[in-house]
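Enquirer: Structure: query-v9.tsv, TSV, C-alpha atoms.
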```
chain	number	residue	atom	x	y	z
A	172	MET	CA	-36.84	124.39	24.27
A	173	LEU	CA	-33.50	125.38	25.80
A	174	ALA	CA	-31.66	123.57	22.98
A	175	SER	CA	-33.57	125.48	20.31
A	176	TYR	CA	-32.63	128.76	22.01
A	177	SER	CA	-28.96	127.77	22.41
A	178	SER	CA	-28.13	126.19	19.06
A	179	PRO	CA	-28.06	129.41	16.96
A	180	PHE	CA	-25.80	131.08	19.53
A	181	ILE	CA	-23.48	128.06	19.57
A	182	LEU	CA	-23.23	128.34	15.79
A	183	VAL	CA	-22.64	132.12	15.87
A	184	SER	CA	-20.02	131.90	18.62
A	185	ALA	CA	-18.24	129.08	16.72
A	186	LEU	CA	-18.10	131.30	13.63
A	187	CYS	CA	-16.81	134.29	15.63
A	188	ILE	CA	-14.15	132.18	17.38
A	189	ASN	CA	-13.12	130.71	14.04
A	190	LEU	CA	-12.68	134.18	12.50
A	191	ALA	CA	-10.69	135.34	15.54
A	192	LEU	CA	-8.43	132.26	15.32
A	193	LEU	CA	-7.80	132.95	11.65
A	194	ASP	CA	-6.87	136.54	12.53
A	195	PHE	CA	-4.36	135.24	15.06
A	196	GLY	CA	-2.98	132.85	12.45
A	197	ILE	CA	-4.11	129.67	14.24
A	198	SER	CA	-5.56	127.50	11.51
A	199	THR	CA	-4.63	123.95	12.58
A	200	GLY	CA	-3.77	121.94	15.65
A	201	PHE	CA	-5.19	121.01	19.04
A	202	THR	CA	-5.32	124.63	20.32
A	203	ARG	CA	-7.76	125.55	17.54
A	204	LEU	CA	-10.01	122.57	18.44
A	205	LEU	CA	-9.86	123.43	22.12
A	206	VAL	CA	-10.71	127.10	21.61
A	207	LEU	CA	-13.50	126.23	19.15
A	208	SER	CA	-15.09	123.91	21.72
A	209	LEU	CA	-15.68	126.99	23.89
A	210	ALA	CA	-18.54	127.79	21.47
A	211	PHE	CA	-20.74	125.21	23.24
A	212	PRO	CA	-20.74	126.60	26.80
A	213	LEU	CA	-20.73	130.16	25.48
A	214	GLY	CA	-23.71	129.65	23.14
A	215	PHE	CA	-25.55	127.62	25.76
A	216	LEU	CA	-25.14	130.37	28.38
A	217	VAL	CA	-26.43	133.07	26.01
A	218	GLY	CA	-29.37	130.86	24.92
A	219	ARG	CA	-30.19	130.01	28.52
A	220	PHE	CA	-30.12	133.68	29.54
A	221	ILE	CA	-32.52	134.67	26.73
A	222	TYR	CA	-34.78	131.66	27.37
A	223	PHE	CA	-35.16	132.46	31.07
A	224	ARG	CA	-35.72	136.14	30.29
A	225	ARG	CA	-38.34	135.63	27.59
A	226	SER	CA	-39.92	132.17	27.43
A	227	HIS	CA	-39.52	130.30	30.70
A	228	VAL	CA	-43.00	129.57	32.06
A	229	GLU	CA	-43.57	129.27	35.78
A	230	ILE	CA	-46.89	128.52	37.43
A	231	LEU	CA	-47.36	129.56	41.04
A	232	TYR	CA	-50.51	128.46	42.75
A	233	ASP	CA	-52.08	127.71	46.07
A	234	ASP	CA	-55.62	126.80	47.07
A	235	LEU	CA	-56.83	130.37	46.58
A	236	SER	CA	-55.10	131.81	43.53
A	237	PHE	CA	-52.71	131.22	40.66
A	238	GLN	CA	-50.13	133.25	38.77
A	239	ILE	CA	-48.41	132.50	35.47
A	240	PHE	CA	-45.02	134.07	34.82
A	241	ARG	CA	-43.51	134.09	31.36
A	242	GLY	CA	-39.91	135.22	31.57
A	243	HIS	CA	-39.93	138.04	34.10
A	244	LYS	CA	-43.49	139.15	33.32
A	245	ARG	CA	-46.61	138.02	35.08
A	246	THR	CA	-48.94	137.21	32.20
A	247	ILE	CA	-51.99	135.72	33.90
A	248	SER	CA	-53.24	135.78	37.46
A	249	GLY	CA	-56.53	135.05	39.09
A	250	ARG	CA	-58.45	133.47	41.91
A	251	TRP	CA	-59.74	129.93	41.63
A	252	LYS	CA	-63.12	130.90	43.02
A	253	SER	CA	-63.78	133.03	39.92
A	254	TYR	CA	-63.88	129.87	37.81
A	255	ARG	CA	-66.37	127.05	37.69
A	256	LEU	CA	-65.12	124.59	35.13
A	257	VAL	CA	-61.78	123.24	33.98
A	258	SER	CA	-60.87	121.41	30.81
A	259	ILE	CA	-57.81	120.20	28.95
A	260	ALA	CA	-57.55	122.08	25.65
A	261	VAL	CA	-55.16	120.92	22.95
A	262	ASP	CA	-53.58	123.84	21.06
A	263	GLY	CA	-52.73	124.02	17.34
A	264	TYR	CA	-49.44	122.21	17.90
A	265	GLY	CA	-51.00	119.32	19.82
A	266	ARG	CA	-49.88	120.59	23.24
A	267	PRO	CA	-52.36	120.05	26.07
A	268	ASP	CA	-53.03	123.17	28.16
A	269	LEU	CA	-55.58	123.90	30.86
A	270	ARG	CA	-58.65	126.04	30.27
A	271	LEU	CA	-60.57	127.64	33.14
A	272	TYR	CA	-64.15	128.71	32.49
A	273	LYS	CA	-66.13	131.28	34.43
A	274	SER	CA	-69.28	129.72	33.03
A	275	ILE	CA	-69.96	126.90	30.59
A	276	ASP	CA	-69.10	128.21	27.11
A	277	GLY	CA	-68.38	131.61	28.67
A	278	ASP	CA	-65.16	133.54	29.30
A	279	PHE	CA	-62.07	131.47	29.90
A	280	VAL	CA	-58.36	131.77	30.57
A	281	GLU	CA	-55.78	129.35	29.30
A	282	LEU	CA	-52.94	128.14	31.52
A	283	PRO	CA	-49.97	127.06	29.37
A	284	ILE	CA	-49.12	124.00	31.46
A	285	SER	CA	-47.50	122.18	28.54
A	286	ARG	CA	-44.73	124.83	28.59
A	287	ALA	CA	-44.12	124.13	32.26
A	288	GLY	CA	-43.67	120.40	31.70
A	289	VAL	CA	-46.67	119.48	33.85
A	290	ARG	CA	-48.62	116.27	33.16
A	291	PRO	CA	-52.06	117.54	32.13
A	292	GLN	CA	-54.38	114.93	33.63
A	293	PRO	CA	-53.04	114.90	37.23
A	294	PHE	CA	-52.79	118.71	37.24
A	295	ARG	CA	-56.33	119.06	35.89
A	296	ASP	CA	-57.59	116.68	38.59
A	297	GLN	CA	-55.81	118.78	41.21
A	298	VAL	CA	-57.37	121.98	39.85
A	299	ARG	CA	-60.79	120.33	39.82
A	300	LYS	CA	-60.30	119.50	43.48
A	301	ILE	CA	-59.24	123.07	44.25
A	302	LEU	CA	-62.23	124.49	42.37
A	303	SER	CA	-64.59	122.34	44.38
A	304	GLN	CA	-62.97	123.08	47.74
A	305	SER	CA	-60.51	125.89	48.43
A	306	SER	CA	-59.03	125.89	51.91
A	307	SER	CA	-55.30	125.88	52.77
A	308	THR	CA	-52.70	128.26	51.35
A	309	ASN	CA	-49.50	126.34	50.82
A	310	LEU	CA	-47.59	127.94	48.01
A	311	GLN	CA	-46.27	125.47	45.46
A	312	VAL	CA	-44.16	126.02	42.39
A	313	VAL	CA	-44.37	124.19	39.09
A	314	GLU	CA	-41.30	124.98	37.09
A	315	ALA	CA	-40.08	124.13	33.63
A	316	ALA	CA	-37.59	121.30	33.48
B	182	MET	CA	-53.79	103.71	39.14
B	183	ARG	CA	-55.33	105.12	35.95
B	184	SER	CA	-58.89	104.20	35.07
B	185	ALA	CA	-60.05	103.07	31.63
B	186	VAL	CA	-61.53	106.55	31.11
B	187	ASP	CA	-58.15	108.15	31.94
B	188	VAL	CA	-56.45	105.92	29.40
B	189	LEU	CA	-59.07	106.65	26.74
B	190	GLU	CA	-58.81	110.40	27.42
B	191	TRP	CA	-55.02	110.37	27.20
B	192	GLU	CA	-55.13	108.48	23.90
B	193	LEU	CA	-57.62	111.01	22.52
B	194	ILE	CA	-55.42	113.91	23.67
B	195	ARG	CA	-52.59	112.27	21.76
B	196	GLY	CA	-54.79	112.24	18.65
B	197	ARG	CA	-56.25	108.73	18.50
B	198	ALA	CA	-59.39	110.05	16.78
B	199	ARG	CA	-57.50	112.18	14.26
B	200	TRP	CA	-58.61	110.24	11.18
B	201	VAL	CA	-62.23	111.09	11.87
B	202	ALA	CA	-62.25	114.12	14.14
B	203	ASP	CA	-59.85	116.55	15.75
B	204	LEU	CA	-60.96	116.50	19.39
B	205	THR	CA	-59.44	119.53	21.09
B	206	GLU	CA	-61.15	119.98	24.43
B	207	PHE	CA	-61.72	117.47	27.23
B	208	PHE	CA	-64.02	117.80	30.23
B	209	ARG	CA	-64.42	115.33	33.09
B	210	ASP	CA	-67.63	114.64	34.99
B	211	TYR	CA	-69.59	116.81	32.61
B	212	LYS	CA	-73.18	117.36	33.71
B	213	VAL	CA	-75.92	117.69	31.12
B	214	MET	CA	-79.49	117.91	32.27
B	215	ASP	CA	-79.79	114.97	34.69
B	216	ALA	CA	-76.92	112.96	33.26
B	217	THR	CA	-73.23	113.07	34.17
B	218	PHE	CA	-70.63	111.86	31.70
B	219	ASN	CA	-67.19	110.83	32.90
B	220	LEU	CA	-65.61	112.27	29.77
B	221	TYR	CA	-66.84	114.85	27.29
B	222	ALA	CA	-64.54	115.66	24.38
B	223	ARG	CA	-65.42	118.13	21.66
B	224	GLY	CA	-63.82	119.16	18.43
B	225	LYS	CA	-64.24	119.48	14.68
B	226	THR	CA	-63.98	117.14	11.73
B	227	ARG	CA	-61.33	119.30	10.07
B	228	ASN	CA	-58.00	118.30	11.52
B	229	ARG	CA	-54.80	120.25	11.96
B	230	GLY	CA	-51.53	119.27	10.36
B	231	LEU	CA	-48.63	120.79	8.55
B	232	PHE	CA	-48.56	122.18	4.99
B	233	LEU	CA	-50.04	119.47	2.75
B	234	SER	CA	-52.39	117.87	5.27
B	235	ARG	CA	-53.58	121.29	6.44
B	236	PHE	CA	-54.17	122.40	2.84
B	237	PHE	CA	-55.99	119.14	2.12
B	238	ALA	CA	-58.11	119.51	5.27
B	239	SER	CA	-59.07	123.13	4.58
B	240	THR	CA	-60.00	122.47	0.94
B	241	VAL	CA	-61.64	119.06	1.15
B	242	LEU	CA	-62.87	118.29	4.67
B	243	PRO	CA	-66.05	119.83	6.08
B	244	ASN	CA	-65.69	121.58	9.43
B	245	TYR	CA	-68.50	120.01	11.45
B	246	ALA	CA	-68.68	120.24	15.23
B	247	VAL	CA	-68.60	116.77	16.78
B	248	SER	CA	-68.07	115.26	20.22
B	249	LEU	CA	-67.34	112.14	22.15
B	250	LEU	CA	-69.00	111.23	25.42
B	251	CYS	CA	-67.90	108.40	27.62
B	252	VAL	CA	-69.54	107.02	30.72
B	253	ASP	CA	-68.18	104.39	33.04
B	254	GLU	CA	-70.99	102.25	34.43
B	255	SER	CA	-68.62	99.99	36.38
B	256	ARG	CA	-69.68	99.22	39.95
B	257	LYS	CA	-73.19	100.51	39.19
B	258	GLY	CA	-74.82	97.15	38.56
B	259	ALA	CA	-75.53	95.36	35.31
B	260	LEU	CA	-75.89	97.42	32.18
B	261	THR	CA	-79.45	97.47	30.88
B	262	THR	CA	-81.03	98.74	27.69
B	263	ASP	CA	-82.87	101.37	29.77
B	264	LYS	CA	-79.57	102.83	30.98
B	265	ILE	CA	-78.21	102.90	27.43
B	266	ARG	CA	-81.41	104.51	26.13
B	267	GLN	CA	-81.25	107.23	28.82
B	268	ARG	CA	-77.64	107.98	27.94
B	269	ALA	CA	-78.41	108.01	24.22
B	270	ASP	CA	-81.31	110.44	24.80
B	271	ALA	CA	-79.03	112.75	26.81
B	272	VAL	CA	-76.47	112.74	23.99
B	273	ILE	CA	-79.17	113.44	21.42
B	274	GLY	CA	-80.08	116.45	23.61
B	275	ILE	CA	-76.43	117.60	23.50
B	276	ILE	CA	-76.30	117.13	19.71
B	277	GLU	CA	-79.37	119.32	19.30
B	278	ALA	CA	-78.34	121.95	21.86
B	279	ASP	CA	-74.75	122.30	20.60
B	280	ASP	CA	-75.69	121.91	16.94
B	281	LEU	CA	-73.35	118.96	16.46
B	282	LYS	CA	-73.17	116.96	13.27
B	283	TRP	CA	-72.70	113.70	15.14
B	284	ALA	CA	-71.42	112.28	18.41
B	285	TRP	CA	-69.82	109.15	19.78
B	286	LEU	CA	-71.18	107.58	22.93
B	287	ILE	CA	-68.94	105.05	24.66
B	288	ILE	CA	-70.27	103.13	27.63
B	289	LEU	CA	-67.89	101.06	29.74
B	290	THR	CA	-69.04	98.40	32.14
B	291	ASP	CA	-67.44	95.73	34.31
B	292	PHE	CA	-70.18	93.18	33.57
B	293	ARG	CA	-70.36	90.83	30.60
B	294	LEU	CA	-72.58	92.21	27.85
B	295	THR	CA	-75.93	90.46	27.75
B	296	PRO	CA	-77.54	89.38	24.44
B	297	THR	CA	-80.27	92.01	25.03
B	298	VAL	CA	-77.70	94.80	25.28
B	299	VAL	CA	-75.79	93.52	22.25
B	300	SER	CA	-78.97	93.32	20.18
B	301	PHE	CA	-80.13	96.80	21.31
B	302	VAL	CA	-76.82	98.46	20.45
B	303	GLU	CA	-76.44	96.69	17.10
B	304	ARG	CA	-79.93	97.72	16.09
B	305	TYR	CA	-79.49	101.37	17.09
B	306	ASP	CA	-79.88	103.31	13.87
B	307	ARG	CA	-79.89	107.08	14.46
B	308	ARG	CA	-77.37	108.45	11.98
B	309	GLU	CA	-76.01	111.22	14.19
B	310	LEU	CA	-75.15	109.01	17.17
B	311	GLY	CA	-72.69	106.14	17.20
B	312	ILE	CA	-72.79	103.93	20.27
B	313	GLY	CA	-70.04	101.67	21.52
B	314	VAL	CA	-70.48	99.51	24.61
B	315	ALA	CA	-67.52	97.63	26.04
B	316	SER	CA	-66.76	95.48	29.02
B	317	VAL	CA	-63.45	96.41	30.65
B	318	THR	CA	-63.19	92.99	32.28
B	319	SER	CA	-64.19	90.58	29.50
B	320	LYS	CA	-62.98	93.00	26.75
B	321	GLN	CA	-66.20	92.35	24.82
B	322	ALA	CA	-67.33	95.27	22.68
B	323	VAL	CA	-70.36	96.00	20.56
B	324	PHE	CA	-71.04	98.94	18.27
B	325	SER	CA	-74.11	100.43	16.66
B	326	ASN	CA	-74.44	99.46	13.04
B	327	ASN	CA	-74.32	102.98	11.61
B	328	GLN	CA	-71.37	104.81	10.08
B	329	VAL	CA	-70.50	106.76	13.24
B	330	GLY	CA	-70.79	103.62	15.36
B	331	ARG	CA	-68.60	101.54	13.08
B	332	SER	CA	-65.89	104.22	13.21
B	333	ILE	CA	-65.53	103.61	16.98
B	334	ARG	CA	-64.21	100.17	16.08
B	335	SER	CA	-62.29	101.04	12.93
B	336	ARG	CA	-60.85	104.47	13.77
B	337	LEU	CA	-60.86	104.76	17.56
B	338	ARG	CA	-59.84	101.10	17.88
B	339	LEU	CA	-61.62	100.85	21.20
B	340	GLU	CA	-61.24	97.06	21.46
B	341	LYS	CA	-57.47	97.32	21.01
B	342	LEU	CA	-57.33	100.07	23.62
B	343	LEU	CA	-59.27	97.99	26.14
B	344	GLY	CA	-57.20	94.93	25.28
B	345	GLY	CA	-54.09	96.83	26.33
B	346	LEU	CA	-55.50	97.69	29.77
B	347	THR	CA	-54.18	95.79	32.73
B	348	ASN	CA	-56.67	94.53	35.32
B	349	GLY	CA	-55.68	97.33	37.69
B	350	GLU	CA	-56.38	99.99	35.04
B	351	ALA	CA	-59.64	98.37	34.01
B	352	ASN	CA	-60.93	98.67	37.54
```
Once more with this new file: its structure as structure tokens, please.

Expert:
Amino acid sequence: MLASYSSPFILVSALCINLALLDFGISTGFTRLLVLSLAFPLGFLVGRFIYFRRSHVEILYDDLSFQIFRGHKRTISGRWKSYRLVSIAVDGYGRPDLRLYKSIDGDFVELPISRAGVRPQPFRDQVRKILSQSSSTNLQVVEAA
Amino acid sequence: MRSAVDVLEWELIRGRARWVADLTEFFRDYKVMDATFNLYARGKTRNRGLFLSRFFASTVLPNYAVSLLCVDESRKGALTTDKIRQRADAVIGIIEADDLKWAWLIILTDFRLTPTVVSFVERYDRRELGIGVASVTSKQAVFSNNQVGRSIRSRLRLEKLLGGLTNGEAN
């Protein structure tokens, strides 16, 4: 995910550096290669900044509630006790996410766990346990790799 | 240690059934009437895909609702025809309630399959329900002799899946 955000910026910064080098009359040699290689850290930093601002998914949960943050926005939040059933739902791209139902075939919310790099089956089993018994309140963080 | 049901579920999530059905949602310990199924997967016969396969699917394939139910009868005594019949009746109830076109029923056991069980499963002939019974220890498997049942062997490749289980996973 981070690579797909960074690669266009690496390309753009390489083009910009190349144009600047041509303006300064540096068209050959080791200095040109060295300066051009700066495109990688530069593009990566820009891509990383945009990724964390817009797409990075973070799931915060304890035994009582959960919150999903996408970038800097909180997109979904709720209390486990509002839900009765949990399933693994595969989206259109084959990514397994978690679906929480208030009633069988009723309203549901979808937790994008595939974006957070969580293994679906162990996490689903943990949520099933929480749904059946909610007690302690240790805050845990599941973060994208 | 992962159970045989965990392994089957993971393979289905990864698209093992894609040639027959696109199973998109997976429930564990799903209760229906008096019966509890260790795994309930539901989906449609029209699969996803990119460009050509999606075009092919949307123009040629019907979009029937289908499901797969799996129950692990290990450590619950020998598997009998009565137990299979009860499970089959529960699945027929699900087919009717959810308006499904067909369903797969997979029963796993840790006992060897008796000739009575083999004969019962092979003679099962309801078109909308395919039954597969397999022993996770002896790796024996038997399937109902209808189209849906035969697809458990040919498309789901249940025997191959069980063959790949280690003893720890099988138990």

Enquirer: Anything within 12 Å of (-44.8, 125.5, 34.5): list those residues as a count of residues only, counting only C-alpha atoms and sticking to the file's coordinates.

Expert: 32

Enquirer: Near chain B, which residues of chain A fall within 7 Å when you count all atoms listed in the file, and what do they look like as a count of residues only?

Expert: 6

Enquirer: What is the distance, in Å and to one decimal place, between atom CA of Gly330 of chain B and atom CA of Leu310 of chain B?

Expert: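 According to the coordinates, atom CA of Gly330 of chain B and atom CA of Leu310 of chain B are separated by 7.2 Å.
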
Enquirer: Between atom CA of Ser184 of chain A and atom CA of Lys244 of chain A, what is the distance in Å, rounded to a tenth?

Expert: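 Distance reported for this atom pair: 28.6 Å.
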
Enquirer: How far is it from atom CA of Ser177 of chain A to atom CA of Phe215 of chain A, in Å with one decimal?

Expert: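 Atom-to-atom, atom CA of Ser177 of chain A and atom CA of Phe215 of chain A are spaced 4.8 Å apart.
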
Enquirer: List as a list in words the protein and nucleic acid residues near Val201 of chain B, meaning an atom at most 10 Å away when all atoms listed in the file are counted, but skip any in the same chain fewer than 6 places from it.

Expert: Lys225, Thr226, Arg227, Asn228, Val247, Val329, Ser332, Ile333, Arg336 and Leu337 of chain B

Enquirer: So which residues touch Thr262 of chain B within 8 Å, counting only C-alpha atoms, skipping near sequence neighbours fewer than 2 positions away, as a ChimeraX atom specification?

Expert: /B:260,264-266,297-298,301

Enquirer: Around the point (-58.9, 102.0, 18.1), in the coordinates given by the file, pick out the residues reaching within 12 Å, counting all atoms listed in the file, and return them as a list in words.

Expert: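 Residues found, by chain and rising number: Leu189, Glu192, Leu193, Gly196, Arg197, Ala198, Arg199, Trp200, Val201, Gly313, Ala322, Arg331, Ser332, Ile333, Arg334, Ser335, Arg336, Leu337, Arg338, Leu339, Glu340, Lys341, Leu342, Leu343, Gly344 and Gly345 of chain B.
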
Enquirer: Go through A:Phe223, A:Trp251, A:Ala185, A:Leu190 one by one, measure the shortest atom-to-atom distance of each to Ser208 of chain A using only C-alpha atoms, and give the residue with the smallest value.

Expert: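 Smallest separation from Ser208 of chain A among the options: A:Ala185.
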
Enquirer: So which one's closest to Ala278 of chain B, B:Ser234, B:Val299, B:Val241, B:Ala246? Using all atoms listed in the file, please.

Expert: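 For Ala278 of chain B, the nearest of the candidates is B:Ala246.
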